[in-house]
Amino acid sequence: MTIKEQQDEIIEEFAYYPEWMEKYEYIIQLGKELPLIEEKYKTDDHLIRGCQSRVWMHPEYRDGKVWFTADSDALITKGLVGMVIRVLSGHTPKEIVDAEIYFISAIALNSHLSPTRSNGLLSMLKQIKNYALAYHLQDVKRETT
Amino acid sequence: MSHTLNIYEPLSIEAIRAEFPILQTLVYGNPLVYLDNAATTQKPLSVLEAMDVYYKTINANVHRGVHHLSQVATDAFEEARRKVASYINAAHDHEIIFTRGTTEGINLVASVFGRANLKAGDEVLITAMEHHSNIVPWQLACEYYGAKLKVIPFSERGELDMDAFAALIKGPVKILSFTYVSNSLGTINPVNEMIHAAHERGIVVLLDAAQAVQHIPIDVQELDVDFLVFSSHKIYGPTGLGVLYGKEALLNKLPPYQGGGEMIRTVSFEKTTYNDLPFKFEAGTPDIAGAIGLGAALDYVNSIGIDRIKLAEEALMEYAQEMMSGVPGIRFVGEAANKAGVISFLLGNHHPFDVGEILDKQGIAVRTGHHCCQPVMDRLGIPGTVRASFSVYNTPEDVDRLVKGLEKTAKMLG
Ligand SMILES: Cc1ncc(COP(=O)(O)O)c(C=O)c1O
């Protein structure tokens with residue numbers, strides 16, 4: 001599935017849940033499907049800044065694609081990380097860097113999430129893109145030398 | 001729970017709530033339950049009107065003009081100062097300095113007291129339950145003058161270790177600066193005992209009353225405290241304004257804080273002389289409307305009576321404590337024998353942030369996190385708490401909504 005298809009799928013899933021309560025239950029459910037980061041990576045270097053709760057994320061670059069694992073000490077945050085990873089994990093660095101992320105506003109999460117939570121979400125996206133960009137630049141450099 | 005209500009008689013709680021239009025707000029379709037009063041209280045109509053009337057009818061700069069409006073504005077501003085002095089029973093109106101808030105009051109004292117009195121080897125004594133605003137200004141002063149910051153620890157229950165205090169106060173302490181009521185634990189500290197012990201050794205005392213003035217009657221002369229600070233916005237007044245009370249003799253001995261207009265008597269490039277109290281510490285145009293708003297807020301509190309507010313809030317806190325105890329998995333953080341205004345807690349092992357967010361979606365406003373008291377959370381080994389904090393307009397129904405909200409939250413978070 002492309003990044004776009006993944007986002008459309010999530011938007012469709014959320015359409016089943018008109019009530020905020022159900023939306024949150026679903027987000028928490030998604031947290032349970034998050035590919036968990038290995039304990040040894042739960043260190044300060046893997047922490048994402050800008051979240052009131054703690055979020056650890058680890059990228060792995062394998063066969064030309066970036067795979068993310070993560071965890072959080074807060075359930076809702078974990079669900080949000082789960083969604084973001086589901087959308088962006090398993091793609092090439094270039095695809096991730098170029099991706100336009102629209103599912104968050106499309107499922108009206110923006111207006112529901114507390115500002116600190118939305119800021120955390122933005123930091124998370126930025127961190128993922130930064131990782132991808134680093135891998136991308138590494139590749140470009142390798143190709144040109 | 002009618003017994004909490006009739007404390008206000010002949011006023012009704014409905015009449016009190018009607019003074020606060022914001023309480024009618026709907027949050028995600030639910031009537032607002034506002035339990036974040038320790039962060040800031042809502043404002044009654046009389047405060048909003050006083051500020052409105054000021055701008056509409058008497059706005060002018062104070063202490064400067066010969067013209068009519070300037071005199072009326074100055075009178076109103078100075079009247080507000082008198083109201084503050086009377087509210088905390090200061091001996092003189094000029095012992096009331098208007099600041100931007102508690103934070104600026106502490107910074108002012110730390111800065112000028114430090115300049116006048118601190119040197120290498122001296123100690124500044126605070127407690128482990130201080131708000132960051134009563135830690136960092138002292139760290140800055142200590143670093144600058146080579147003094148040491150000493151900290152009185154507290155127990156698991158959230159009570160100060162008075163044996164440790166008795167030992168620490170015997171050190172080369174120059175100033176004891178501590179909070180009357182803890183904003184993260186709700187603990188009421190034994191202020192009389194501590195001020196007395198400090199004074200026996202000639203140590204100056206600053207009391208952070210940010211979480212006390214709105215809950216407990218305060219008499220600075222009876223307390224015999226040297227400095228006391230609080231914020232207008234936590235006692236139904238506007239944001240951007242605070243009060244520093246200081247004993248006249250002490251304030252007179254201290255150097256000025258900021259320089260500028262109003263705080264001077266004569267200025268020349270060779271020598272500037274400073275104005276008398278309180279103006280010596282009020283450089284620049286003050287927050288005139290804010291002061292008038294605070295005056296109206298204190299009038300409002302007096303119209304009900306701080307003694308009655310205290311009784312009503314105590315009864316409500318007791319009810320809340322009892323009802324919340326029934327929520328499965330709840331754990332209170334801060335179980336001091338004497339508490340005011342604040343109930344901090346955790347729900348099972350759930351992150352406070354999750355709990356706060358699900359409560360918010362039900363229209364219930366609480367605060368989550370470390371409440372600007374990171375050392376408190378480190379001491380207790382927790383990332384933060386959920387904090388429900390109460391004020392004059394909260395009702396047993398608010399508590400019931402909170403309890404129901406918590407039960408729903410617990411179910412959702414699993
Ligand atoms: C105990 C205590 N001290 C100081 C402050 C700082 O007050 P302000 O931010 O109004 O300056 C607060 C406010 O949260 C407080 O609760």
# chains A, B, ... in the order shown; residues from 1 in each chain; ligands from 1

$ interface_residues --of "chain B" --to "chain A" --cutoff "8 Å" --atoms "only C-alpha atoms" --output "list in words"
His350, His351, Phe353, Asp354, Glu357, Lys361, Gly369, Met412 and Leu413 of chain B

$ write_last_selection --atoms "N, CA and C atoms" --output "PDB file, in the first residue's frame"
ATOM      1  N   HIS B 350      -2.311   4.553  34.768  1.00  0.00           N
ATOM      2  CA  HIS B 350      -2.503   5.343  33.556  1.00  0.00           C
ATOM      3  C   HIS B 350      -1.744   6.650  33.615  1.00  0.00           C
ATOM      4  N   HIS B 351      -1.262   7.048  32.465  1.00  0.00           N
ATOM      5  CA  HIS B 351      -0.538   8.308  32.378  1.00  0.00           C
ATOM      6  C   HIS B 351      -1.515   9.453  32.653  1.00  0.00           C
ATOM      7  N   PHE B 353      -1.692  12.283  31.525  1.00  0.00           N
ATOM      8  CA  PHE B 353      -2.043  12.925  30.264  1.00  0.00           C
ATOM      9  C   PHE B 353      -3.258  12.240  29.617  1.00  0.00           C
ATOM     10  N   ASP B 354      -3.262  10.901  29.626  1.00  0.00           N
ATOM     11  CA  ASP B 354      -4.407  10.158  29.085  1.00  0.00           C
ATOM     12  C   ASP B 354      -5.670  10.477  29.878  1.00  0.00           C
ATOM     13  N   GLU B 357      -6.984  13.954  29.219  1.00  0.00           N
ATOM     14  CA  GLU B 357      -7.569  14.121  27.890  1.00  0.00           C
ATOM     15  C   GLU B 357      -8.977  13.524  27.806  1.00  0.00           C
ATOM     16  N   LYS B 361     -12.648  15.549  27.275  1.00  0.00           N
ATOM     17  CA  LYS B 361     -13.666  15.244  26.272  1.00  0.00           C
ATOM     18  C   LYS B 361     -15.054  15.136  26.899  1.00  0.00           C
ATOM     19  N   GLY B 369       0.245  16.714  34.688  1.00  0.00           N
ATOM     20  CA  GLY B 369       1.671  16.960  34.515  1.00  0.00           C
ATOM     21  C   GLY B 369       2.364  17.194  35.837  1.00  0.00           C
ATOM     22  N   MET B 412     -12.389   3.123  29.773  1.00  0.00           N
ATOM     23  CA  MET B 412     -11.835   3.289  28.426  1.00  0.00           C
ATOM     24  C   MET B 412     -10.367   2.928  28.332  1.00  0.00           C
ATOM     25  N   LEU B 413      -9.624   3.319  29.345  1.00  0.00           N
ATOM     26  CA  LEU B 413      -8.182   3.073  29.281  1.00  0.00           C
ATOM     27  C   LEU B 413      -7.863   1.627  29.644  1.00  0.00           C
TER      28      LEU B 413
END

$ residues_near_ligand --ligand "ligand 1" --cutoff "8 Å" --atoms "only C-alpha atoms and all ligand atoms" --output "PyMOL selection string"
chain B and resi 38-40+100-105+130-134+179-184+208-211+230-234+239-240+242+371-372

$ residues_around --residues "region 138-141 of chain A" --least-positions-apart "6" --cutoff "10 Å" --atoms "only C-alpha atoms" --output "list in words"
Gly64, Pro93 and Ala132 of chain A

$ residues_around --residues "region 278-290 of chain B" --least-positions-apart "3" --cutoff "9 Å" --atoms "only C-alpha atoms" --output "compact mmCIF listing (two decimals) with N, CA, C and O atoms, in the first residue's frame"
# COMPACT_ATOMS: atom_id res chain seq x y z
N ALA B 50 -15.60 46.38 36.64
CA ALA B 50 -14.71 47.39 37.23
C ALA B 50 -13.63 47.79 36.23
O ALA B 50 -13.30 48.97 36.07
N MET B 51 -13.10 46.80 35.50
CA MET B 51 -12.04 47.09 34.54
C MET B 51 -12.60 47.82 33.33
O MET B 51 -11.97 48.73 32.78
N ASP B 52 -13.81 47.42 32.96
CA ASP B 52 -14.49 48.04 31.83
C ASP B 52 -14.78 49.52 32.14
O ASP B 52 -14.51 50.41 31.33
N TYR B 54 -13.31 51.37 34.28
CA TYR B 54 -12.05 52.12 34.33
C TYR B 54 -11.68 52.62 32.94
O TYR B 54 -11.42 53.80 32.74
N TYR B 55 -11.65 51.69 31.97
CA TYR B 55 -11.23 52.09 30.63
C TYR B 55 -12.25 53.03 29.97
O TYR B 55 -11.89 53.91 29.19
N ASN B 59 -9.83 56.29 32.35
CA ASN B 59 -8.48 55.92 31.93
C ASN B 59 -7.56 57.12 31.79
O ASN B 59 -7.84 58.07 31.06
N ALA B 60 -6.45 57.07 32.51
CA ALA B 60 -5.39 58.08 32.39
C ALA B 60 -4.18 57.52 33.12
O ALA B 60 -4.31 56.60 33.91
N ASN B 61 -3.00 58.09 32.84
CA ASN B 61 -1.84 57.59 33.57
C ASN B 61 -1.87 58.13 35.00
O ASN B 61 -2.39 59.20 35.26
N VAL B 62 -1.29 57.32 35.90
CA VAL B 62 -1.41 57.65 37.33
C VAL B 62 -0.19 58.42 37.84
O VAL B 62 0.90 58.32 37.27
N ALA B 73 -8.00 58.54 38.18
CA ALA B 73 -7.37 57.24 37.95
C ALA B 73 -6.40 56.92 39.09
O ALA B 73 -6.35 55.79 39.59
N THR B 74 -5.63 57.93 39.51
CA THR B 74 -4.69 57.72 40.61
C THR B 74 -5.44 57.33 41.88
O THR B 74 -5.03 56.40 42.59
N ALA B 76 -8.30 55.82 42.10
CA ALA B 76 -8.83 54.46 41.96
C ALA B 76 -7.71 53.43 42.14
O ALA B 76 -7.89 52.40 42.80
N PHE B 77 -6.56 53.74 41.58
CA PHE B 77 -5.40 52.84 41.68
C PHE B 77 -4.96 52.71 43.14
O PHE B 77 -4.74 51.61 43.65
N ASP B 93 -0.38 50.99 53.72
CA ASP B 93 -0.67 50.79 52.30
C ASP B 93 0.61 50.72 51.47
O ASP B 93 0.69 49.98 50.50
N HIS B 94 1.61 51.50 51.87
CA HIS B 94 2.83 51.53 51.04
C HIS B 94 3.70 50.28 51.21
O HIS B 94 4.77 50.19 50.63
N GLU B 95 3.23 49.34 52.00
CA GLU B 95 3.92 48.04 52.07
C GLU B 95 3.44 47.11 50.96
O GLU B 95 3.91 45.98 50.83
N ILE B 96 2.46 47.57 50.19
CA ILE B 96 1.92 46.78 49.07
C ILE B 96 2.56 47.25 47.77
O ILE B 96 2.36 48.39 47.35
N ILE B 97 3.31 46.36 47.14
CA ILE B 97 3.95 46.67 45.86
C ILE B 97 3.19 45.89 44.79
O ILE B 97 3.05 44.66 44.92
N PHE B 98 2.75 46.57 43.76
CA PHE B 98 2.13 45.84 42.64
C PHE B 98 3.22 45.30 41.72
O PHE B 98 4.16 46.02 41.36
N THR B 99 3.07 44.01 41.37
CA THR B 99 4.03 43.33 40.49
C THR B 99 3.25 42.74 39.33
O THR B 99 2.04 42.95 39.22
N ARG B 100 3.93 41.94 38.53
CA ARG B 100 3.25 41.23 37.44
C ARG B 100 2.62 39.94 37.94
O ARG B 100 1.81 39.32 37.26
N LEU B 108 11.83 39.70 42.33
CA LEU B 108 12.20 41.01 42.87
C LEU B 108 12.97 40.83 44.18
O LEU B 108 14.06 41.36 44.37
N SER B 232 -2.90 37.96 41.39
CA SER B 232 -4.30 38.37 41.28
C SER B 232 -5.16 37.31 40.59
O SER B 232 -6.29 37.05 41.00
N GLY B 237 -9.13 37.70 40.26
CA GLY B 237 -8.76 38.94 39.60
C GLY B 237 -8.14 38.68 38.24
O GLY B 237 -8.00 37.53 37.81
N PRO B 238 -7.75 39.76 37.54
CA PRO B 238 -7.19 39.62 36.19
C PRO B 238 -5.76 39.06 36.19
O PRO B 238 -5.07 39.13 37.22
N THR B 239 -5.33 38.57 35.05
CA THR B 239 -3.95 38.11 34.89
C THR B 239 -3.04 39.32 34.74
O THR B 239 -3.49 40.43 34.46
N GLY B 240 -1.75 39.10 34.92
CA GLY B 240 -0.78 40.16 34.66
C GLY B 240 -0.51 41.04 35.86
O GLY B 240 0.23 42.01 35.76
N LEU B 241 -1.10 40.70 37.00
CA LEU B 241 -0.90 41.53 38.18
C LEU B 241 -0.67 40.66 39.41
O LEU B 241 -1.26 39.59 39.55
N GLY B 242 0.21 41.12 40.27
CA GLY B 242 0.45 40.41 41.52
C GLY B 242 0.79 41.38 42.61
O GLY B 242 0.85 42.60 42.39
N LEU B 251 11.77 46.87 53.35
CA LEU B 251 11.70 47.40 51.98
C LEU B 251 12.54 48.67 51.86
O LEU B 251 13.20 48.90 50.85
N ASN B 252 12.51 49.49 52.91
CA ASN B 252 13.28 50.73 52.87
C ASN B 252 14.77 50.48 52.78
O ASN B 252 15.50 51.26 52.20
N PRO B 255 17.77 47.90 47.98
CA PRO B 255 17.96 48.73 46.79
C PRO B 255 16.80 48.54 45.82
O PRO B 255 16.08 47.55 45.91
N PRO B 256 16.59 49.46 44.87
CA PRO B 256 15.49 49.30 43.91
C PRO B 256 15.73 48.10 43.00
O PRO B 256 16.84 47.58 42.91
N TYR B 257 14.67 47.67 42.34
CA TYR B 257 14.73 46.50 41.45
C TYR B 257 14.95 46.98 40.03
O TYR B 257 16.07 46.98 39.52
N GLN B 258 13.90 47.51 39.40
CA GLN B 258 14.05 48.04 38.05
C GLN B 258 14.12 49.56 38.13
O GLN B 258 13.54 50.15 39.04
N GLY B 259 14.81 50.14 37.16
CA GLY B 259 14.87 51.60 37.11
C GLY B 259 13.92 52.13 36.06
O GLY B 259 13.59 51.43 35.11
N GLY B 260 13.47 53.36 36.21
CA GLY B 260 12.60 53.94 35.21
C GLY B 260 11.80 55.09 35.78
O GLY B 260 12.18 55.66 36.82
N GLY B 261 10.69 55.39 35.12
CA GLY B 261 9.82 56.44 35.62
C GLY B 261 9.14 55.97 36.88
O GLY B 261 9.15 54.77 37.21
N GLU B 262 8.58 56.90 37.61
CA GLU B 262 7.77 56.58 38.79
C GLU B 262 8.60 56.20 40.03
O GLU B 262 8.25 56.55 41.13
N MET B 263 9.73 55.49 39.81
CA MET B 263 10.47 54.99 40.97
C MET B 263 11.54 55.99 41.44
O MET B 263 12.25 55.73 42.39
N ILE B 264 11.64 57.12 40.75
CA ILE B 264 12.70 58.06 41.08
C ILE B 264 12.14 59.32 41.74
O ILE B 264 10.95 59.62 41.64
N ARG B 265 12.99 60.04 42.44
CA ARG B 265 12.59 61.36 42.94
C ARG B 265 13.21 62.41 42.03
O ARG B 265 12.55 63.23 41.45
N TYR B 274 15.92 58.02 44.80
CA TYR B 274 14.76 57.18 44.58
C TYR B 274 13.54 57.66 45.34
O TYR B 274 13.64 58.30 46.38
N ASN B 275 12.42 57.29 44.79
CA ASN B 275 11.13 57.64 45.36
C ASN B 275 10.89 56.84 46.64
O ASN B 275 11.57 55.87 46.93
N GLY B 293 -9.04 45.85 38.95
CA GLY B 293 -9.70 44.54 38.86
C GLY B 293 -9.45 43.71 40.10
O GLY B 293 -10.37 43.07 40.64
N LEU B 294 -8.21 43.71 40.58
CA LEU B 294 -7.90 42.95 41.80
C LEU B 294 -8.67 43.51 42.99
O LEU B 294 -9.21 42.76 43.82
N GLY B 295 -8.76 44.84 43.05
CA GLY B 295 -9.53 45.46 44.13
C GLY B 295 -10.97 44.96 44.11
O GLY B 295 -11.54 44.60 45.15

$ closest_residue --among "B:Arg64, B:Lys253, B:Lys174, B:Lys247" --to "Ala91 (chain B)" --atoms "only C-alpha atoms"
B:Lys247

$ atom_distance --atom1 "CA of Ala297 (chain B)" --atom2 "CA of Val47 (chain B)"
5.7 Å

$ residues_around --residues "Leu380 (chain B)" --least-positions-apart "3" --cutoff "12 Å" --atoms "only C-alpha atoms" --output "count of residues only"
22

$ select_by_dssp --residues "region 167-387 of chain B" --states "helix (DSSP H, G or I)" --output "ChimeraX atom specification"
/B:167-168,191-200,220-223,232-234,248-253,279-281,288-304,306-325,352-361,374-380

$ atom_distance --atom1 "CA of Ile175 (chain B)" --atom2 "CA of Ile306 (chain B)"
29.5 Å

$ closest_residue --among "B:Thr266, B:Ser391, B:Thr272, B:Ser325" --to "Arg308 (chain B)" --atoms "only C-alpha atoms"
B:Ser391

$ closest_residue --among "B:His68, B:Lys310, B:Lys83, B:Lys43" --to "Ala212 (chain B)" --atoms "only C-alpha atoms"
B:Lys310

$ closest_residue --among "A:Glu19, A:Glu5, A:Glu38, A:Asp44" --to "Tyr102 (chain A)" --atoms "only C-alpha atoms"
A:Glu5

$ closest_residue --among "A:Asn119, A:Thr43, A:Gln6, A:Asn130" --to "Asp71 (chain A)" --atoms "only C-alpha atoms"
A:Thr43

$ residues_around --residues "Lys129 (chain A)" --least-positions-apart "6" --cutoff "10 Å" --atoms "only C-alpha atoms" --output "PyMOL selection string"
chain A and resi 88+93-99+123+135

$ residues_around --residues "His58 (chain A)" --least-positions-apart "6" --cutoff "9 Å" --atoms "only C-alpha atoms" --output "number ranges by chain"
A: 37-38, 41-42, 46, 67-70

$ closest_residue --among "A:Ile85, A:Ala15, A:Met57, A:Ile3" --to "Gly31 (chain A)" --atoms "only C-alpha atoms"
A:Ile85
